[in-house]
Structure formats: structure tokens, C-alpha cells
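Undergrad: Contents of input-v4.txt (compact mmCIF, C-alpha atoms) are given next:
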```
# COMPACT_ATOMS: atom_id res chain seq x y z
CA MET A 1 24.51 -66.35 -48.74
CA ALA A 2 28.12 -65.73 -49.76
CA ASN A 3 27.48 -61.98 -49.87
CA LEU A 4 25.92 -62.05 -46.37
CA LEU A 5 28.90 -63.95 -44.97
CA LYS A 6 31.24 -61.45 -46.60
CA HIS A 7 29.34 -58.55 -44.99
CA GLU A 8 29.44 -60.29 -41.59
CA ARG A 9 33.23 -60.71 -41.85
CA ILE A 10 33.56 -57.01 -42.68
CA ILE A 11 31.39 -56.07 -39.68
CA ASN A 12 33.58 -58.14 -37.33
CA MET A 13 36.85 -56.50 -38.44
CA LYS A 14 38.44 -53.91 -36.15
CA LYS A 15 36.87 -50.55 -36.97
CA ASN A 16 38.42 -47.10 -37.26
CA ILE A 17 36.54 -44.73 -34.96
CA ALA A 18 36.78 -40.95 -35.26
CA ILE A 19 36.18 -39.10 -32.01
CA VAL A 20 35.08 -35.82 -33.57
CA ALA A 21 35.86 -32.77 -31.41
CA GLY A 22 36.43 -29.05 -31.83
CA GLY A 23 33.73 -26.80 -33.24
CA ASP A 24 33.30 -23.09 -33.82
CA SER A 25 31.99 -21.86 -30.47
CA SER A 26 33.28 -21.20 -26.97
CA GLU A 27 32.22 -24.76 -26.16
CA ILE A 28 35.39 -26.04 -27.87
CA VAL A 29 37.16 -26.25 -24.50
CA VAL A 30 34.46 -28.62 -23.25
CA SER A 31 34.54 -30.61 -26.49
CA LEU A 32 38.26 -31.29 -26.20
CA LYS A 33 37.82 -32.50 -22.61
CA SER A 34 35.00 -34.82 -23.71
CA ALA A 35 37.12 -36.20 -26.56
CA GLN A 36 39.79 -37.27 -24.10
CA GLY A 37 37.11 -38.84 -21.90
CA ILE A 38 35.61 -40.81 -24.79
CA TYR A 39 39.08 -41.93 -25.88
CA SER A 40 39.64 -43.37 -22.40
CA PHE A 41 36.22 -45.08 -22.33
CA LEU A 42 36.13 -46.83 -25.71
CA ASP A 43 37.16 -50.45 -26.21
CA LYS A 44 40.65 -50.28 -27.73
CA GLU A 45 40.72 -54.03 -28.37
CA LYS A 46 37.67 -53.63 -30.60
CA TYR A 47 38.36 -50.25 -32.21
CA ASP A 48 41.27 -48.20 -33.52
CA LEU A 49 40.69 -44.71 -32.13
CA TYR A 50 41.60 -41.32 -33.56
CA ILE A 51 40.69 -37.83 -32.38
CA ALA A 52 39.51 -35.77 -35.34
CA ILE A 53 39.37 -31.98 -34.97
CA VAL A 54 36.70 -30.20 -36.99
CA LYS A 55 36.77 -26.41 -37.05
CA ARG A 56 35.64 -23.98 -39.70
CA ALA A 57 39.11 -23.36 -41.08
CA GLU A 58 40.66 -26.79 -40.63
CA TRP A 59 39.78 -30.48 -40.35
CA TYR A 60 42.54 -32.83 -39.23
CA VAL A 61 43.29 -36.07 -37.39
CA ILE A 62 45.72 -36.12 -34.47
CA LEU A 63 48.32 -38.85 -35.01
CA SER A 64 50.95 -40.22 -32.67
CA GLU A 65 53.81 -37.96 -31.60
CA GLY A 66 51.52 -34.95 -31.99
CA GLU A 67 51.53 -35.07 -35.79
CA GLN A 68 48.44 -34.08 -37.77
CA ALA A 69 46.90 -35.39 -40.98
CA ALA A 70 44.45 -33.37 -43.02
CA ILE A 71 40.96 -34.82 -43.44
CA ASP A 72 39.65 -35.18 -46.99
CA LYS A 73 36.18 -33.62 -46.73
CA ASN A 74 34.97 -35.64 -49.72
CA ASP A 75 34.81 -38.83 -47.63
CA PHE A 76 36.29 -37.97 -44.19
CA SER A 77 39.41 -40.04 -44.92
CA PHE A 78 43.04 -39.24 -44.07
CA ARG A 79 46.53 -40.53 -44.72
CA GLU A 80 48.83 -42.10 -42.16
CA GLU A 81 52.38 -43.06 -43.23
CA GLY A 82 51.29 -42.66 -46.82
CA ILE A 83 48.37 -45.05 -46.49
CA ARG A 84 44.82 -43.77 -47.00
CA LYS A 85 42.57 -44.65 -44.07
CA GLN A 86 38.80 -44.52 -43.98
CA PHE A 87 36.75 -44.10 -40.83
CA ASP A 88 33.95 -46.56 -40.15
CA PHE A 89 32.17 -44.50 -37.49
CA ALA A 90 32.11 -40.96 -36.10
CA TYR A 91 31.58 -40.40 -32.38
CA ILE A 92 30.53 -36.76 -32.27
CA THR A 93 31.51 -34.79 -29.20
CA ILE A 94 31.34 -31.21 -30.48
CA HIS A 95 29.28 -29.13 -28.06
CA GLY A 96 27.81 -26.30 -30.10
CA THR A 97 28.06 -25.73 -33.84
CA PRO A 98 28.53 -27.70 -36.07
CA GLY A 99 28.31 -30.89 -34.01
CA GLU A 100 25.20 -30.28 -31.93
CA ASN A 101 22.95 -28.41 -34.36
CA GLY A 102 22.64 -30.95 -37.17
CA LEU A 103 25.21 -29.53 -39.60
CA LEU A 104 27.81 -32.25 -39.06
CA GLN A 105 25.13 -34.91 -38.89
CA GLY A 106 23.89 -33.80 -42.31
CA TYR A 107 27.42 -34.08 -43.71
CA PHE A 108 27.81 -37.61 -42.36
CA GLU A 109 24.42 -38.55 -43.80
CA LEU A 110 25.56 -37.32 -47.22
CA ILE A 111 28.76 -39.38 -47.23
CA GLY A 112 27.10 -42.44 -45.65
CA MET A 113 29.08 -42.39 -42.39
CA PRO A 114 27.32 -43.83 -39.31
CA TYR A 115 27.57 -41.53 -36.30
CA SER A 116 26.69 -41.47 -32.62
CA SER A 117 24.09 -38.76 -32.11
CA CYS A 118 20.58 -37.71 -33.17
CA ASN A 119 19.76 -37.17 -36.84
CA PRO A 120 20.02 -33.68 -38.43
CA LEU A 121 16.39 -32.72 -37.77
CA VAL A 122 16.38 -33.73 -34.11
CA SER A 123 19.80 -32.16 -33.54
CA ALA A 124 18.66 -28.86 -35.08
CA LEU A 125 15.42 -28.86 -33.08
CA THR A 126 16.99 -29.60 -29.69
CA PHE A 127 19.79 -27.08 -30.30
CA ASN A 128 17.18 -24.33 -30.52
CA LYS A 129 15.89 -24.29 -26.95
CA PHE A 130 12.81 -22.15 -27.65
CA ALA A 131 11.69 -24.22 -30.66
CA CYS A 132 12.29 -27.50 -28.83
CA ASN A 133 10.44 -26.45 -25.67
CA THR A 134 7.55 -25.06 -27.70
CA TYR A 135 7.31 -28.35 -29.62
CA LEU A 136 7.43 -30.49 -26.47
CA ARG A 137 4.84 -28.28 -24.76
CA SER A 138 2.38 -29.49 -27.41
CA PHE A 139 2.90 -33.01 -26.00
CA ASP A 140 2.07 -31.78 -22.46
CA VAL A 141 5.71 -31.64 -21.34
CA ARG A 142 6.04 -28.87 -18.75
CA VAL A 143 8.49 -26.12 -19.71
CA ALA A 144 9.27 -22.69 -18.27
CA ASP A 145 7.66 -19.58 -19.76
CA SER A 146 10.10 -17.72 -21.99
CA ILE A 147 10.68 -15.01 -24.57
CA ARG A 148 12.94 -15.39 -27.60
CA LEU A 149 14.84 -12.46 -29.10
CA ARG A 150 16.59 -12.20 -32.47
CA LYS A 151 19.31 -9.63 -33.14
CA ALA A 152 17.01 -7.43 -35.20
CA GLU A 153 14.38 -7.35 -32.45
CA HIS A 154 14.05 -5.22 -29.36
CA THR A 155 11.74 -5.97 -26.47
CA ALA A 156 11.27 -3.40 -23.73
CA ASP A 157 12.55 -4.37 -20.30
CA ALA A 158 9.11 -3.60 -18.85
CA HIS A 159 7.47 -6.13 -21.20
CA ILE A 160 9.96 -8.84 -20.21
CA ILE A 161 9.46 -8.19 -16.50
CA ASP A 162 5.66 -8.02 -16.82
CA HIS A 163 5.62 -11.33 -18.68
CA LEU A 164 8.26 -13.30 -16.78
CA GLY A 165 8.94 -11.43 -13.56
CA LEU A 166 12.36 -11.35 -11.92
CA PRO A 167 14.72 -13.08 -11.61
CA VAL A 168 15.07 -14.51 -15.12
CA PHE A 169 17.75 -16.48 -16.93
CA VAL A 170 19.17 -14.91 -20.08
CA LYS A 171 21.05 -17.36 -22.31
CA PRO A 172 21.94 -18.08 -25.94
CA ASN A 173 18.96 -19.80 -27.54
CA ASP A 174 21.05 -21.47 -30.23
CA GLY A 175 24.07 -22.49 -28.21
CA GLY A 176 25.25 -24.45 -25.22
CA SER A 177 24.57 -23.64 -21.60
CA SER A 178 28.13 -23.10 -20.35
CA PHE A 179 28.77 -19.67 -21.85
CA GLY A 180 26.79 -16.45 -22.17
CA VAL A 181 24.31 -17.29 -19.40
CA THR A 182 23.26 -14.73 -16.77
CA LYS A 183 20.84 -14.83 -13.87
CA VAL A 184 19.22 -11.39 -13.91
CA LYS A 185 17.80 -10.08 -10.64
CA ALA A 186 17.37 -6.37 -11.40
CA PRO A 187 16.00 -4.46 -14.43
CA GLU A 188 19.30 -2.68 -15.13
CA GLN A 189 21.02 -6.06 -15.59
CA LEU A 190 18.79 -7.14 -18.49
CA GLN A 191 20.40 -5.37 -21.45
CA PRO A 192 24.01 -6.25 -20.51
CA ALA A 193 22.91 -9.88 -20.07
CA ILE A 194 21.18 -9.88 -23.46
CA ALA A 195 24.30 -8.43 -25.12
CA LYS A 196 26.45 -11.08 -23.45
CA ALA A 197 24.17 -13.87 -24.71
CA PHE A 198 24.19 -12.45 -28.24
CA ASN A 199 27.98 -12.76 -28.23
CA GLU A 200 27.46 -16.55 -28.21
CA GLY A 201 24.63 -16.92 -30.73
CA GLU A 202 22.14 -15.37 -33.11
CA GLU A 203 19.16 -15.68 -30.75
CA VAL A 204 18.62 -15.12 -27.04
CA LEU A 205 16.24 -16.91 -24.70
CA ILE A 206 14.89 -15.13 -21.62
CA GLU A 207 13.36 -17.68 -19.28
CA ARG A 208 11.36 -17.48 -16.08
CA CYS A 209 13.45 -18.52 -13.07
CA ILE A 210 12.03 -21.57 -11.29
CA THR A 211 13.42 -22.55 -7.91
CA GLY A 212 13.53 -26.13 -6.76
CA THR A 213 15.58 -29.30 -7.03
CA GLU A 214 17.70 -29.46 -10.19
CA LEU A 215 18.05 -32.90 -11.77
CA THR A 216 19.46 -34.48 -14.89
CA CYS A 217 18.76 -37.87 -16.46
CA GLY A 218 20.58 -39.76 -19.21
CA CYS A 219 19.01 -42.20 -21.64
CA TYR A 220 19.83 -44.27 -24.70
CA LYS A 221 17.95 -46.80 -26.81
CA VAL A 222 19.29 -49.39 -29.22
CA GLU A 223 17.59 -52.28 -30.98
CA GLY A 224 15.88 -54.42 -28.35
CA LYS A 225 17.18 -52.38 -25.41
CA GLU A 226 16.19 -49.25 -23.50
CA VAL A 227 18.31 -47.76 -20.72
CA VAL A 228 17.28 -44.83 -18.52
CA PHE A 229 19.96 -44.03 -15.98
CA PRO A 230 19.66 -43.04 -12.31
CA LEU A 231 19.10 -39.33 -11.76
CA THR A 232 21.76 -36.87 -10.70
CA GLU A 233 20.87 -34.05 -8.31
CA VAL A 234 22.80 -30.84 -8.88
CA VAL A 235 23.52 -28.58 -5.90
CA THR A 236 25.56 -25.62 -7.09
CA LYS A 237 27.58 -23.36 -4.83
CA ASN A 238 27.11 -20.51 -7.33
CA GLU A 239 24.06 -18.54 -8.43
CA PHE A 240 23.31 -21.27 -10.98
CA PHE A 241 24.99 -24.21 -12.71
CA ASP A 242 27.53 -22.16 -14.70
CA PHE A 243 30.91 -23.11 -16.22
CA ASP A 244 32.77 -23.01 -12.90
CA ALA A 245 30.07 -25.09 -11.22
CA LYS A 246 30.28 -27.65 -14.03
CA TYR A 247 34.01 -27.90 -14.56
CA ASN A 248 35.80 -26.30 -11.62
CA GLY A 249 34.23 -28.22 -8.75
CA GLN A 250 31.87 -25.49 -7.56
CA SER A 251 28.90 -27.84 -7.24
CA ASP A 252 27.85 -31.10 -5.62
CA GLU A 253 26.55 -33.75 -8.01
CA ILE A 254 24.69 -36.48 -6.17
CA THR A 255 23.90 -39.72 -7.99
CA PRO A 256 21.37 -41.16 -7.38
CA ALA A 257 19.38 -38.03 -6.55
CA ARG A 258 17.93 -37.58 -3.06
CA ILE A 259 14.30 -37.65 -4.14
CA SER A 260 11.51 -40.17 -3.69
CA ALA A 261 11.20 -43.33 -5.77
CA GLU A 262 7.92 -41.94 -7.13
CA TRP A 263 9.52 -38.72 -8.42
CA THR A 264 12.53 -40.64 -9.73
CA GLU A 265 10.29 -42.95 -11.75
CA LYS A 266 8.27 -39.99 -13.04
CA VAL A 267 11.36 -38.16 -14.31
CA GLN A 268 12.75 -41.34 -15.88
CA ARG A 269 9.43 -42.03 -17.63
CA THR A 270 9.35 -38.44 -18.91
CA THR A 271 12.93 -38.76 -20.20
CA SER A 272 12.10 -41.98 -22.06
CA ARG A 273 8.96 -40.37 -23.50
CA ILE A 274 10.88 -37.29 -24.68
CA TYR A 275 13.41 -39.59 -26.35
CA ASP A 276 10.57 -41.25 -28.29
CA ILE A 277 8.70 -38.02 -29.10
CA LEU A 278 11.84 -36.56 -30.65
CA GLY A 279 12.98 -39.80 -32.29
CA ALA A 280 16.35 -39.29 -30.62
CA GLY A 281 19.46 -41.39 -31.21
CA GLY A 282 22.54 -42.23 -29.19
CA LEU A 283 22.99 -40.88 -25.68
CA ILE A 284 20.94 -37.89 -24.59
CA ARG A 285 20.70 -36.07 -21.26
CA VAL A 286 17.59 -34.21 -20.15
CA ASP A 287 17.76 -31.51 -17.46
CA TYR A 288 14.86 -30.71 -15.14
CA ILE A 289 13.90 -28.74 -12.08
CA ILE A 290 11.28 -29.89 -9.61
CA PRO A 291 9.62 -26.85 -8.02
CA THR A 292 8.80 -27.07 -4.34
CA ASP A 293 5.10 -27.01 -5.18
CA GLY A 294 4.71 -28.76 -8.52
CA GLU A 295 5.57 -31.22 -11.29
CA PRO A 296 9.01 -31.53 -12.95
CA VAL A 297 9.79 -28.78 -15.46
CA LEU A 298 12.02 -29.44 -18.48
CA LEU A 299 15.04 -27.14 -18.67
CA GLU A 300 16.80 -28.38 -21.79
CA ILE A 301 17.94 -31.42 -23.76
CA ASN A 302 21.56 -32.26 -24.50
CA THR A 303 22.04 -34.52 -27.53
CA VAL A 304 25.85 -34.35 -27.25
CA PRO A 305 26.33 -34.53 -23.48
CA GLY A 306 29.70 -33.97 -21.82
CA MET A 307 31.75 -37.15 -21.51
CA THR A 308 34.67 -36.50 -19.15
CA SER A 309 35.11 -38.98 -16.30
CA ALA A 310 33.39 -36.47 -14.00
CA SER A 311 30.49 -35.73 -16.36
CA PHE A 312 26.90 -36.66 -15.53
CA ILE A 313 26.53 -39.60 -17.92
CA PRO A 314 29.60 -41.53 -16.67
CA GLN A 315 28.44 -40.87 -13.09
CA GLN A 316 25.00 -42.26 -13.88
CA VAL A 317 26.43 -45.27 -15.70
CA ARG A 318 28.50 -46.14 -12.63
CA ALA A 319 25.50 -45.67 -10.33
CA ALA A 320 23.51 -48.07 -12.55
CA GLY A 321 26.22 -50.70 -12.07
CA MET A 322 27.12 -50.58 -15.76
CA ASP A 323 30.41 -50.18 -17.62
CA ILE A 324 30.70 -47.03 -19.77
CA LYS A 325 32.77 -49.03 -22.28
CA HIS A 326 29.84 -51.39 -22.84
CA VAL A 327 27.35 -48.51 -23.11
CA MET A 328 29.40 -46.84 -25.83
CA THR A 329 29.93 -50.16 -27.62
CA ASP A 330 26.14 -50.64 -27.60
CA ILE A 331 25.68 -47.31 -29.37
CA ILE A 332 28.46 -47.81 -31.92
CA GLU A 333 27.51 -51.38 -32.81
CA ASN A 334 23.82 -50.48 -33.11
CA GLU A 335 24.60 -47.73 -35.64
CA LEU A 336 27.09 -49.92 -37.53
CA LYS A 337 24.48 -52.66 -37.77
CA LYS A 338 21.85 -50.22 -39.06
CA SER A 339 24.32 -48.86 -41.61
CA TRP A 340 25.24 -52.39 -42.74
CA LYS A 341 21.56 -53.31 -43.19
CA LYS A 342 21.00 -50.18 -45.30
CA LYS A 343 23.94 -51.08 -47.54
CA VAL A 344 22.79 -54.70 -47.94
CA LEU A 345 19.28 -53.51 -48.80
CA LEU A 346 20.63 -50.95 -51.27
CA ASN A 347 22.89 -53.52 -52.94
CA SER A 348 20.00 -55.99 -53.16
CA THR A 349 17.77 -53.33 -54.74
CA ILE A 350 20.45 -52.42 -57.29
CA SER A 351 20.99 -56.11 -58.13
CA VAL A 352 17.26 -56.64 -58.71
CA ARG A 353 17.14 -53.67 -61.06
```
Translate the structure of the given file into C-alpha cells.
TA:
Amino acid sequence: MANLLKHERIINMKKNIAIVAGGDSSEIVVSLKSAQGIYSFLDKEKYDLYIAIVKRAEWYVILSEGEQAAIDKNDFSFREEGIRKQFDFAYITIHGTPGENGLLQGYFELIGMPYSSCNPLVSALTFNKFACNTYLRSFDVRVADSIRLRKAEHTADAHIIDHLGLPVFVKPNDGGSSFGVTKVKAPEQLQPAIAKAFNEGEEVLIERCITGTELTCGCYKVEGKEVVFPLTEVVTKNEFFDFDAKYNGQSDEITPARISAEWTEKVQRTTSRIYDILGAGGLIRVDYIIPTDGEPVLLEINTVPGMTSASFIPQQVRAAGMDIKHVMTDIIENELKKSWKKKVLLNSTISVR
């Protein structure tokens, strides 16, 4: 009993939260914006917040007055004013590698640090769009027809057009969706688009273009609670929902979406089902398109969705009449509780031995 009370007192202490941003891809600019958004959303009375930058060459914590402190990769600790500080939780907001593809999640698993997103397997699967869509197709989730290319492969333009038609979307298969994406309308545009996508990743996805209403839906599940948010309808002023449409105001984002209650419920049910099929964790966002003559088609899954004040998830939280601070507290406290239970169980097992 004394040990349990001690653990409960530890759980109720103010926690050090690392908002982990940066990364090694072009998505770093989005990551840094999301980090600032998350910093503004989190409960500062409950948590001490630090932005931690993780890049291939350097890991550091941003301190007050713009100072930096190196992160000890052995345990993700740092020193502030000569005092060693240990993080209790990592809120990952790296879009792209290593924060969205399972690498960072694997590191946190190894050092026993609870974190905000899906586990390493789910993160790796969802980061590879072709593998994820192929997997979900086996559960009767509708996805667009596509072709995957690796750098050592070459597929004739005629084969691509015969299989998928035109237009098609050419995008990095193992990267985000803000960079390296091209809508190809003519055969001569294919190879330049493929080269552009390869600049952002090791694999390229060529996907059949489906026209219709573009939607996105956020979801999270914690112990005893499931939340599926209202849908957002995306109406871009550009050819497609590219970087400028996302971050430079060149789109209309309408929450809740202007679709029927029946279609809304169907997309929300599908989102919840996908969450369970994958065994997802934390907040995810699932993007769809509803063709004019058919069922919703999955576009892709974001396990580290953007979190600026203008991003989809905060919009959907507001539309649901919820407070983003409480949503994020739900996720953090759920993972801290799970981590605490694991430690208590481990300690009990060691004591018995």
C-alpha cells in the first residue's frame, strides 16, 4: 500500500514535457510551427514545457533567453543551470523522419519514455502509404489504385497511364504530403514529377486521381473514452491541397463539412474502425475523398497531424465544443498512467522473484 501511495504522489507531481520537433526532412518547417501550437495548447499549470529539437546532427532543448542545452541521448535528459532534468513525457510533433516513421518511437520505447503517438510498428506502417493502403484494403477499406516505385526501378510511362489513366498524383511514398507532390495531367510531366518526389524519399507513389469532396477526420482513444471529431471539408483554390493551400491560406476549410448526416456518420465510423484495425495511439487524422458516384475513399493517415491553431485537429476540437487543452491532457495522462502501471507491474514481478 505504501508503495502504491508513493507512486500516486509521483504521478500527481508537475511533469516535464518535451515537445519534440525538428526532423530530417523538408517537413521541418511544419514541425516547428506545430511545436509552437502545442506549446500554446498545453496546460502550463499542470506541466513544465520545453521544446526539444531532434535532428540528425544535433539534439537540444531550447531554454529561456534563446539558450540551448544538449540532450543526453542515453536517457533524453538535459541540464539547466547545472541541474540535470529528466523528461516525463515526449509529445512528438516531427512530421517526417524520424518522428513519423517509428524511429523515434522505437528510441523512446528503449529508454522507457512515454510518448504521444502510435507505436513503432503502426508509425512505420502508416508512414509508408502504399503498404498501409494495401494492408487496409484487406479489411475492405476503399483506397485508390496505385503503383509504387523504388529508385532502382523503372516503369514505362505507357504502363502507368494504361493502369491508372490521367491525371495521377505523384508523391513521396515514405514522406509527408506537403512536399514533392505533383498532379500530372500529361505524359511528358510524369518523369519530372517522379524525380521531384524522389528528392523527398526513397520510394514514390503514383496514385489514380479521384475527383469529389475532400474530407478529413480526427480521432483519439484513451482508456474508457473514444472521441471522433466533426469532419472538415477541404476546398482548395489550387490544383490540389499543396503546401500553399495548407499553410498560406489558399484553401477553404469548412468544419463541420457540408455533407449529409449519413455520410458524416459513415466517415466517422470508418475512422474509428481504422484506428482499431491499426491499433493506433494518440491523435490521428484520416483523409478521404467522396467521389460523386461512390463510397468514401481513403487518401492517407496522419499519425502526427499538424497542430497549429489553424490546423485541422484544433478546428475540429472547437467544432465539437471541446477544449484542445483537455484533449491533449487526456492523451498525456493516459500514456503516463499506462507507463506507471507497467513500472508497478515490473517492480512487483522483480520483488516476487
Undergrad: Figure out the distance between CA of Arg142 (chain A) and CA of Asn302 (chain A), please, to one decimal in Å.
TA: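 Taking CA of Asn302 (chain A) as the start and CA of Arg142 (chain A) as the end point, the length is 16.9 Å.
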Undergrad: For CA of Met307 (chain A) and CA of Gly218 (chain A), determine how far apart the two atoms are, in Å to one decimal place.
TA: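 Separation between CA of Met307 (chain A) and CA of Gly218 (chain A): 11.7 Å.
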Undergrad: Between CA of Ile62 (chain A) and CA of Asp43 (chain A), what distance in Å does the model show, to one decimal?
TA: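 About the pair CA of Ile62 (chain A) and CA of Asp43 (chain A): they are 18.6 Å apart.
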Undergrad: If we draw a sphere of 12 Å around (16.0, -31.9, -32.2), which residues have at least one atom in it when counting all atoms listed in the file? Please report them as a PyMOL selection string.
TA: chain A and resi 100-102+105+117-136+174+274-281+284+300-304
Undergrad: Using all atoms listed in the file and a cutoff of 9 Å, can you tell me which residues are near (16.2, -44.8, -16.0) in the file's coordinates, and write them out as a list in words?
TA: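 Residues lying no farther than 9 Å from the given point: Cys217, Gly218, Cys219, Glu226, Val227, Val228, Phe229, Pro230, Leu231, Thr264, Glu265, Val267, Gln268, Arg269, Thr271, Ser272 and Ala320 of chain A.
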Undergrad: Between A:Val234, A:Ile161, A:Ile289, A:Val20, which residue has the minimum interatomic distance to Ser116 (chain A), considering all atoms listed in the file?
TA: A:Val20
Undergrad: With only C-alpha atoms as the counted atoms, please give the residues lying no more than 8 Å from Ile290 (chain A), apart from itself and same-chain residues fewer than 4 positions off, as a VMD selection string.
TA: chain A and resid 211 to 215 294 to 297
Undergrad: Using all atoms listed in the file, what does the table of region 189-257 of chain A residues within 12 Å of region 84-99 of chain A look like, with each row giving the shortest atom pair and its distance in Å to one decimal, sorted by chain and ascending number, as CSV?
TA:
```
residue,atom,partner,partner_atom,distance
A:Glu200,CA,A:Gly96,CA,9.9
A:Gly201,CA,A:Gly96,CA,9.9
A:Glu202,CA,A:Thr97,CA,12.0
```
Undergrad: Skip Ala52 (chain A) itself and residues of its chain fewer than 4 positions away, then list as a ChimeraX atom specification all residues within 9 Å of it, counting only C-alpha atoms.
TA: /A:18-22,59-62,71
Undergrad: Using only C-alpha atoms, please write the residues we just selected to a file, as a short mmCIF file (atom, residue, chain, number, x, y, z; two decimals), in the coordinates of the input.
TA:
```cif
data_model
loop_
_atom_site.label_atom_id
_atom_site.label_comp_id
_atom_site.auth_asym_id
_atom_site.auth_seq_id
_atom_site.Cartn_x
_atom_site.Cartn_y
_atom_site.Cartn_z
CA ALA A 18 36.78 -40.95 -35.26
CA ILE A 19 36.18 -39.10 -32.01
CA VAL A 20 35.08 -35.82 -33.57
CA ALA A 21 35.86 -32.77 -31.41
CA GLY A 22 36.43 -29.05 -31.83
CA TRP A 59 39.78 -30.48 -40.35
CA TYR A 60 42.54 -32.83 -39.23
CA VAL A 61 43.29 -36.07 -37.39
CA ILE A 62 45.72 -36.12 -34.47
CA ILE A 71 40.96 -34.82 -43.44
#
```
